[in-house]
>>> print(open('protein.pdb').read())   # PDB, C-alpha atoms and all ligand atoms
MODEL        1
ATOM      1  CA  MET A 202    -269.140 -98.742  53.896
ATOM      2  CA  ILE A 203    -268.665-101.382  51.206
ATOM      3  CA  PRO A 204    -267.442-100.084  47.822
ATOM      4  CA  ASP A 205    -269.482-101.226  44.823
ATOM      5  CA  LEU A 206    -267.693-102.991  41.971
ATOM      6  CA  GLU A 207    -267.119 -99.807  40.031
ATOM      7  CA  ALA A 208    -265.468 -98.170  43.052
ATOM      8  CA  SER A 209    -263.463-101.352  43.721
ATOM      9  CA  PHE A 210    -262.044-101.385  40.189
ATOM     10  CA  SER A 211    -261.227 -97.665  40.491
ATOM     11  CA  LEU A 212    -259.187 -98.510  43.582
ATOM     12  CA  LEU A 213    -257.319-101.241  41.650
ATOM     13  CA  ARG A 214    -256.516 -98.677  38.974
ATOM     14  CA  GLU A 215    -255.469 -96.046  41.473
ATOM     15  CA  TYR A 216    -253.049 -98.484  43.120
ATOM     16  CA  ARG A 217    -251.846 -99.682  39.689
ATOM     17  CA  VAL A 218    -252.589-103.338  40.212
ATOM     18  CA  PRO A 219    -251.280-105.348  37.222
ATOM     19  CA  PRO A 220    -253.923-107.076  35.041
ATOM     20  CA  HIS A 221    -252.794-110.605  35.949
ATOM     21  CA  ILE A 222    -253.473-109.899  39.636
ATOM     22  CA  VAL A 223    -256.850-108.379  38.704
ATOM     23  CA  GLY A 224    -257.683-111.556  36.727
ATOM     24  CA  HIS A 225    -256.843-113.708  39.755
ATOM     25  CA  SER A 226    -258.869-111.435  42.041
ATOM     26  CA  VAL A 227    -261.966-111.519  39.820
ATOM     27  CA  MET A 228    -261.917-115.322  39.903
ATOM     28  CA  VAL A 229    -261.510-115.302  43.717
ATOM     29  CA  ALA A 230    -264.539-112.973  43.920
ATOM     30  CA  LYS A 231    -266.551-115.347  41.699
ATOM     31  CA  VAL A 232    -265.705-118.400  43.814
ATOM     32  CA  SER A 233    -266.505-116.427  46.994
ATOM     33  CA  LEU A 234    -269.911-115.409  45.607
ATOM     34  CA  VAL A 235    -270.834-118.937  44.500
ATOM     35  CA  LEU A 236    -269.878-120.272  47.927
ATOM     36  CA  GLY A 237    -271.734-117.405  49.618
ATOM     37  CA  GLU A 238    -274.879-118.237  47.704
ATOM     38  CA  ALA A 239    -274.614-121.914  48.647
ATOM     39  CA  VAL A 240    -273.942-121.109  52.318
ATOM     40  CA  ASN A 241    -276.953-118.759  52.351
ATOM     41  CA  ALA A 242    -279.146-121.440  50.802
ATOM     42  CA  ALA A 243    -278.131-123.557  53.797
ATOM     43  CA  GLY A 244    -279.439-120.865  56.138
ATOM     44  CA  ARG A 245    -276.690-118.295  56.663
ATOM     45  CA  ARG A 246    -276.417-114.652  55.637
ATOM     46  CA  GLN A 247    -273.314-113.786  53.672
ATOM     47  CA  ASP A 248    -273.134-110.277  52.300
ATOM     48  CA  PHE A 249    -272.679-110.547  48.509
ATOM     49  CA  ALA A 250    -271.461-106.943  48.195
ATOM     50  CA  LEU A 251    -268.738-107.646  50.762
ATOM     51  CA  LEU A 252    -267.710-110.930  49.098
ATOM     52  CA  ALA A 253    -267.482-109.234  45.693
ATOM     53  CA  ALA A 254    -265.536-106.177  46.907
ATOM     54  CA  ALA A 255    -263.165-108.124  49.160
ATOM     55  CA  GLY A 256    -262.526-110.749  46.480
ATOM     56  CA  VAL A 257    -261.705-108.066  43.913
ATOM     57  CA  LEU A 258    -259.535-106.098  46.367
ATOM     58  CA  HIS A 259    -257.813-108.863  48.371
ATOM     59  CA  ASP A 260    -254.461-108.569  46.540
ATOM     60  CA  ILE A 261    -254.557-104.786  46.020
ATOM     61  CA  ALA A 262    -251.162-104.416  47.737
ATOM     62  CA  LYS A 263    -249.508-107.554  46.358
ATOM     63  CA  PHE A 264    -247.528-105.967  43.535
ATOM     64  CA  ALA A 265    -246.653-102.805  45.452
ATOM     65  CA  THR A 266    -245.195-104.785  48.365
ATOM     66  CA  LEU A 267    -243.096-107.137  46.211
ATOM     67  CA  LYS A 268    -240.143-104.763  46.423
ATOM     68  CA  THR A 269    -240.621-103.645  49.999
ATOM     69  CA  GLY A 270    -241.154-107.133  51.431
ATOM     70  CA  GLU A 271    -244.087-105.868  53.504
ATOM     71  CA  ASP A 272    -246.990-108.150  54.364
ATOM     72  CA  HIS A 273    -249.343-107.566  51.426
ATOM     73  CA  ALA A 274    -252.490-108.570  53.309
ATOM     74  CA  GLN A 275    -251.760-106.120  56.127
ATOM     75  CA  ALA A 276    -250.706-103.326  53.747
ATOM     76  CA  GLY A 277    -253.893-103.760  51.694
ATOM     77  CA  ALA A 278    -256.004-103.731  54.842
ATOM     78  CA  ASP A 279    -254.267-100.532  56.025
ATOM     79  CA  TRP A 280    -254.894 -98.751  52.697
ATOM     80  CA  LEU A 281    -258.571 -99.705  52.716
ATOM     81  CA  GLU A 282    -258.986 -98.839  56.380
ATOM     82  CA  ASP A 283    -257.513 -95.372  55.704
ATOM     83  CA  ARG A 284    -260.349 -94.842  53.229
ATOM     84  CA  GLY A 285    -262.964 -95.798  55.756
ATOM     85  CA  LEU A 286    -263.602 -99.216  54.163
ATOM     86  CA  LYS A 287    -263.442-101.128  57.413
ATOM     87  CA  SER A 288    -265.381-104.290  56.602
ATOM     88  CA  VAL A 289    -263.464-104.892  53.357
ATOM     89  CA  ALA A 290    -260.194-104.138  55.183
ATOM     90  CA  ARG A 291    -261.051-106.806  57.766
ATOM     91  CA  VAL A 292    -261.487-109.479  55.063
ATOM     92  CA  VAL A 293    -258.396-108.423  53.074
ATOM     93  CA  GLY A 294    -256.247-108.316  56.222
ATOM     94  CA  GLN A 295    -256.992-111.965  57.011
ATOM     95  CA  HIS A 296    -256.648-113.533  53.577
ATOM     96  CA  VAL A 297    -253.183-114.928  54.334
ATOM     97  CA  ARG A 298    -253.313-115.510  58.078
ATOM     98  CA  LEU A 299    -256.644-116.644  59.408
ATOM     99  CA  GLN A 300    -257.666-117.427  62.977
ATOM    100  CA  LEU A 301    -259.984-120.349  62.367
ATOM    101  CA  ASP A 302    -262.695-121.187  64.864
ATOM    102  CA  VAL A 303    -264.513-124.248  63.539
ATOM    103  CA  ASP A 304    -267.438-123.708  65.943
ATOM    104  CA  LYS A 305    -268.192-120.172  64.756
ATOM    105  CA  PRO A 306    -270.624-119.709  61.811
ATOM    106  CA  VAL A 307    -268.965-119.333  58.402
ATOM    107  CA  ASP A 308    -268.332-115.717  57.422
ATOM    108  CA  GLU A 309    -267.030-113.631  54.527
ATOM    109  CA  VAL A 310    -263.454-113.638  55.882
ATOM    110  CA  GLU A 311    -263.385-117.429  55.690
ATOM    111  CA  LEU A 312    -265.014-117.622  52.271
ATOM    112  CA  VAL A 313    -262.554-115.199  50.650
ATOM    113  CA  PHE A 314    -259.595-116.894  52.391
ATOM    114  CA  TYR A 315    -260.767-120.283  51.112
ATOM    115  CA  ALA A 316    -261.604-119.026  47.603
ATOM    116  CA  ASP A 317    -258.077-117.592  47.299
ATOM    117  CA  LYS A 318    -256.668-121.064  48.089
ATOM    118  CA  ARG A 319    -258.786-122.589  45.301
ATOM    119  CA  VAL A 320    -257.654-120.156  42.580
ATOM    120  CA  GLN A 321    -254.188-120.480  41.063
ATOM    121  CA  HIS A 322    -253.597-117.501  38.786
ATOM    122  CA  GLU A 323    -257.059-117.393  37.145
ATOM    123  CA  LYS A 324    -257.829-121.097  37.283
ATOM    124  CA  ILE A 325    -259.844-123.073  39.823
ATOM    125  CA  VAL A 326    -257.761-125.916  41.266
ATOM    126  CA  THR A 327    -257.905-128.273  44.243
ATOM    127  CA  LEU A 328    -256.291-127.352  47.576
ATOM    128  CA  GLU A 329    -253.698-130.063  46.869
ATOM    129  CA  GLN A 330    -252.700-128.416  43.558
ATOM    130  CA  ARG A 331    -252.705-124.910  45.006
ATOM    131  CA  PHE A 332    -250.413-125.864  47.870
ATOM    132  CA  ILE A 333    -247.974-127.534  45.477
ATOM    133  CA  ASP A 334    -247.891-124.178  43.637
ATOM    134  CA  LEU A 335    -247.452-122.259  46.915
ATOM    135  CA  ARG A 336    -244.608-124.570  47.988
ATOM    136  CA  HIS A 337    -242.825-123.941  44.673
ATOM    137  CA  ARG A 338    -243.230-120.205  45.005
ATOM    138  CA  TYR A 339    -242.763-119.584  48.709
ATOM    139  CA  GLY A 340    -241.239-122.735  50.210
ATOM    140  CA  ARG A 341    -237.722-121.306  50.338
ATOM    141  CA  ASN A 342    -236.653-122.964  53.581
ATOM    142  CA  ARG A 343    -237.784-125.342  56.252
ATOM    143  CA  GLU A 344    -239.575-122.656  58.218
ATOM    144  CA  ALA A 345    -241.551-121.472  55.176
ATOM    145  CA  LEU A 346    -242.442-125.059  54.268
ATOM    146  CA  GLY A 347    -243.612-125.650  57.853
ATOM    147  CA  SER A 348    -245.922-122.607  57.769
ATOM    148  CA  LEU A 349    -247.334-123.728  54.420
ATOM    149  CA  GLU A 350    -248.063-127.168  55.881
ATOM    150  CA  GLU A 351    -249.882-125.480  58.781
ATOM    151  CA  MET A 352    -251.826-123.309  56.367
ATOM    152  CA  LYS A 353    -252.789-126.347  54.339
ATOM    153  CA  ALA A 354    -254.099-128.156  57.434
ATOM    154  CA  LEU A 355    -256.070-125.063  58.456
ATOM    155  CA  THR A 356    -257.497-124.624  54.942
ATOM    156  CA  THR A 357    -258.533-128.288  54.827
ATOM    157  CA  ALA A 358    -260.340-127.863  58.172
ATOM    158  CA  LEU A 359    -261.988-124.738  56.778
ATOM    159  CA  GLU A 360    -263.027-126.608  53.625
ATOM    160  CA  ASN A 361    -264.741-129.228  55.800
ATOM    161  CA  LYS A 362    -266.441-126.486  57.813
ATOM    162  CA  ILE A 363    -267.748-124.659  54.722
ATOM    163  CA  PHE A 364    -268.975-127.770  52.892
ATOM    164  CA  ARG A 365    -270.443-129.726  55.805
ATOM    165  CA  PRO A 366    -273.913-128.084  55.516
ATOM    166  CA  LEU A 367    -273.852-127.941  51.699
ATOM    167  CA  SER A 368    -275.375-130.450  49.311
ATOM    168  CA  TRP A 369    -272.334-130.457  47.008
ATOM    169  CA  VAL A 370    -268.586-131.099  47.313
ATOM    170  CA  PRO A 371    -265.369-129.066  46.813
ATOM    171  CA  GLY A 372    -264.712-130.784  43.462
ATOM    172  CA  GLU A 373    -267.827-129.102  42.078
ATOM    173  CA  VAL A 374    -266.661-125.506  42.584
ATOM    174  CA  GLU A 375    -265.454-125.180  38.997
ATOM    175  CA  SER A 376    -268.701-126.452  37.435
ATOM    176  CA  ARG A 377    -270.772-124.297  39.812
ATOM    177  CA  VAL A 378    -268.837-121.190  38.795
ATOM    178  CA  ALA A 379    -269.243-122.131  35.113
ATOM    179  CA  ALA A 380    -272.977-122.599  35.651
ATOM    180  CA  ALA A 381    -273.218-119.191  37.353
ATOM    181  CA  GLU A 382    -271.442-117.632  34.328
ATOM    182  CA  GLY A 383    -274.307-118.861  32.183
ATOM    183  CA  ASN A 384    -277.115-117.723  34.498
ATOM    184  CA  ARG A 385    -279.208-114.806  33.354
ATOM    185  CA  HIS A 386    -280.991-114.100  36.589
ATOM    186  CA  GLY A 387    -280.111-113.699  40.214
ATOM    187  CA  HIS A 388    -277.809-111.625  42.397
ATOM    188  CA  VAL A 389    -274.704-113.674  41.759
ATOM    189  CA  ALA A 390    -275.271-113.579  37.990
ATOM    190  CA  ASP A 391    -275.577-109.768  38.200
ATOM    191  CA  TYR A 392    -272.247-109.536  40.026
ATOM    192  CA  PHE A 393    -270.616-111.880  37.504
ATOM    193  CA  ARG A 394    -271.823-109.806  34.561
ATOM    194  CA  GLN A 395    -270.729-106.525  36.093
ATOM    195  CA  MET A 396    -267.327-107.939  36.995
ATOM    196  CA  SER A 397    -266.763-109.241  33.469
ATOM    197  CA  VAL A 398    -267.511-105.818  31.983
ATOM    198  CA  LEU A 399    -265.275-103.972  34.457
ATOM    199  CA  HIS A 400    -262.492-106.552  34.099
ATOM    200  CA  GLN A 401    -262.552-106.216  30.307
ATOM    201  CA  LYS A 402    -262.448-102.426  30.610
ATOM    202  CA  TYR A 403    -259.468-102.750  32.937
ATOM    203  CA  ILE A 404    -257.603-104.955  30.438
ATOM    204  CA  ASP A 405    -258.453-102.630  27.526
ATOM    205  CA  ASN A 406    -257.261 -99.638  29.459
ATOM    206  CA  GLN A 407    -254.351-100.915  31.498
ATOM    207  CA  PRO A 408    -252.725 -98.554  33.984
ATOM    208  CA  ASP A 409    -249.040 -97.713  33.567
ATOM    209  CA  ILE A 410    -247.139 -99.841  36.007
TER     210      ILE A 410
HETATM  211 FE    FE B   1    -252.855-112.427  48.433
ENDMDL
END
>>> encode(input="protein.pdb", output="structure tokens")
Amino acid sequence: MIPDLEASFSLLREYRVPPHIVGHSVMVAKVSLVLGEAVNAAGRRQDFALLAAAGVLHDIAKFATLKTGEDHAQAGADWLEDRGLKSVARVVGQHVRLQLDVDKPVDEVELVFYADKRVQHEKIVTLEQRFIDLRHRYGRNREALGSLEEMKALTTALENKIFRPLSWVPGEVESRVAAAEGNRHGHVADYFRQMSVLHQKYIDNQPDI
């Protein structure tokens, strides 16, 4: 089962996810949807409901695991799995560590992973900028810096895989998302509108953290 956006935001509230993480997650969902639409136009079948839910929920455990030091991707996947949300759990569980197979068709796991690496806080940035940010935040020692370098190489390979069949380039993600914000019709525009309403409600009615 894939939770709809209303159910996804209820889960964020239940797990007391702070508004800044929700803001980041909404933008990751938007980038995932825009990429999903483009990939589908090139002949694939990405599930928009899954992209939206997994984007919104990918960091559900981030704040809660700050103190415990647990792996937030795994913890989030476990929580969602316990609720019977298997497909979303699968995407959330791989948003930090991805097994990339460049020969396999693009899927929702890869799109959400990639979208997360293009969104710094709530802003769309290049992979280069995002990895500078990640190095500042997580590059505590040589080992951590080495894993970030590996992740950057993998994400660059994934970027090439996603964009190869598309008619536009990674630098256009921001303008494509802005264009989708202004669209009145279409599936992606419907998701954008619904997310904006639910996000605003979340901000207006913040949970106690
Ligand atoms: Fe995360």
>>> closest_atom_pairs(input="protein.pdb", of="chain A", to="ligand FE 1 (chain B)", cutoff="8 Å", atoms="all atoms listed in the file", output="tab-separated table")
residue	atom	partner	partner_atom	distance
A:His259	CA	B:FE1	FE	6.1
A:Asp260	CA	B:FE1	FE	4.6
A:Lys263	CA	B:FE1	FE	6.3
A:His273	CA	B:FE1	FE	6.7
A:Ala274	CA	B:FE1	FE	6.2
A:His296	CA	B:FE1	FE	6.5
A:Val297	CA	B:FE1	FE	6.4
A:Asp317	CA	B:FE1	FE	7.4
>>> closest_residue(input="protein.pdb", among="A:Asp304, A:Ala250, A:His221, A:Gly372", to="Val326 of chain A", atoms="only C-alpha atoms")
A:Gly372
>>> atom_distance(input="protein.pdb", atom1="atom CA of His386 of chain A", atom2="atom CA of Glu238 of chain A")
13.3 Å
>>> closest_atom_pairs(input="protein.pdb", of="segment 282-395 of chain A", to="segment 226-235 of chain A", cutoff="7 Å", atoms="all atoms listed in the file", output="JSON lines")
{"residue": "A:Leu312", "atom": "CA", "partner": "A:Ser233", "partner_atom": "CA", "distance": 5.6}
{"residue": "A:Val313", "atom": "CA", "partner": "A:Ser233", "partner_atom": "CA", "distance": 5.5}
{"residue": "A:Ala316", "atom": "CA", "partner": "A:Val229", "partner_atom": "CA", "distance": 5.4}
{"residue": "A:Asp317", "atom": "CA", "partner": "A:Val229", "partner_atom": "CA", "distance": 5.5}
{"residue": "A:Val320", "atom": "CA", "partner": "A:Val229", "partner_atom": "CA", "distance": 6.3}
{"residue": "A:Glu323", "atom": "CA", "partner": "A:Met228", "partner_atom": "CA", "distance": 6.0}
{"residue": "A:Val378", "atom": "CA", "partner": "A:Val235", "partner_atom": "CA", "distance": 6.5}
{"residue": "A:Val389", "atom": "CA", "partner": "A:Leu234", "partner_atom": "CA", "distance": 6.4}
{"residue": "A:Phe393", "atom": "CA", "partner": "A:Lys231", "partner_atom": "CA", "distance": 6.8}
>>> closest_residue(input="protein.pdb", among="A:Met396, A:Val257, A:Leu252, A:Val240", to="His225 of chain A", atoms="all atoms listed in the file")
A:Val257
>>> closest_residue(input="protein.pdb", among="A:Glu375, A:Glu329, A:Asp272, A:Asp409", to="Thr356 of chain A", atoms="only C-alpha atoms")
A:Glu329
>>> resolve_selection(input="protein.pdb", expression="the PyMOL selection byres (((chain A and resi 277) around 7) and not hetatm)", output="MDAnalysis selection string")
chainID A and resid 261:262 273:276 278:281 293:294
>>> closest_residue(input="protein.pdb", among="A:Leu349, A:Leu359, A:Leu299, A:Ile325", to="Ala379 of chain A", atoms="all atoms listed in the file")
A:Ile325
>>> closest_residue(input="protein.pdb", among="A:Val303, A:Glu373, A:Ala290, A:Leu346", to="Thr327 of chain A", atoms="all atoms listed in the file")
A:Glu373
>>> atom_distance(input="protein.pdb", atom1="atom CA of Val223 of chain A", atom2="atom CA of Ile333 of chain A")
22.2 Å
>>> resolve_selection(input="protein.pdb", expression="the PyMOL selection byres (((chain A and resi 366) around 10) and not hetatm)", output="VMD selection string")
chain A and resid 239 to 240 242 to 244 361 to 365 367 to 369
>>> closest_residue(input="protein.pdb", among="A:Val292, A:Leu258, A:Met352, A:Val398", to="Leu212 of chain A", atoms="all atoms listed in the file")
A:Leu258
>>> resolve_selection(input="protein.pdb", expression="the PyMOL selection byres (((chain A and resi 207) around 12) and not hetatm)", output="MDAnalysis selection string")
chainID A and resid 203:206 208:214 250 253:254 257:258 392 395:400 402:403
>>> atom_distance(input="protein.pdb", atom1="atom CA of Gly237 of chain A", atom2="atom CA of Ser288 of chain A")
16.2 Å
>>> decode(input="protein.pdb", residues="segment 306-317 of chain A", atoms="N, CA and C atoms", output="tab-separated table (two decimals), in the first residue's frame")
chain	number	residue	atom	x	y	z
A	306	PRO	N	16.69	-0.58	-15.61
A	306	PRO	CA	15.90	0.64	-15.85
A	306	PRO	C	15.81	1.51	-14.60
A	307	VAL	N	15.69	2.81	-14.82
A	307	VAL	CA	15.57	3.76	-13.70
A	307	VAL	C	14.32	3.42	-12.90
A	308	ASP	N	14.40	3.58	-11.58
A	308	ASP	CA	13.20	3.33	-10.76
A	308	ASP	C	13.04	4.42	-9.70
A	309	GLU	N	12.00	4.27	-8.89
A	309	GLU	CA	11.66	5.30	-7.90
A	309	GLU	C	12.75	5.43	-6.84
A	310	VAL	N	13.39	4.31	-6.48
A	310	VAL	CA	14.46	4.35	-5.48
A	310	VAL	C	15.56	5.30	-5.96
A	311	GLU	N	15.92	5.16	-7.23
A	311	GLU	CA	17.01	5.98	-7.78
A	311	GLU	C	16.59	7.44	-7.91
A	312	LEU	N	15.35	7.67	-8.29
A	312	LEU	CA	14.91	9.07	-8.46
A	312	LEU	C	14.88	9.81	-7.12
A	313	VAL	N	14.38	9.16	-6.08
A	313	VAL	CA	14.33	9.83	-4.76
A	313	VAL	C	15.76	10.02	-4.21
A	314	PHE	N	16.60	9.01	-4.38
A	314	PHE	CA	18.00	9.12	-3.95
A	314	PHE	C	18.65	10.34	-4.63
A	315	TYR	N	18.48	10.41	-5.95
A	315	TYR	CA	19.09	11.50	-6.71
A	315	TYR	C	18.50	12.86	-6.31
A	316	ALA	N	17.16	12.92	-6.21
A	316	ALA	CA	16.50	14.18	-5.86
A	316	ALA	C	17.03	14.70	-4.53
A	317	ASP	N	17.22	13.80	-3.57
A	317	ASP	CA	17.74	14.20	-2.25
A	317	ASP	C	19.13	14.82	-2.36
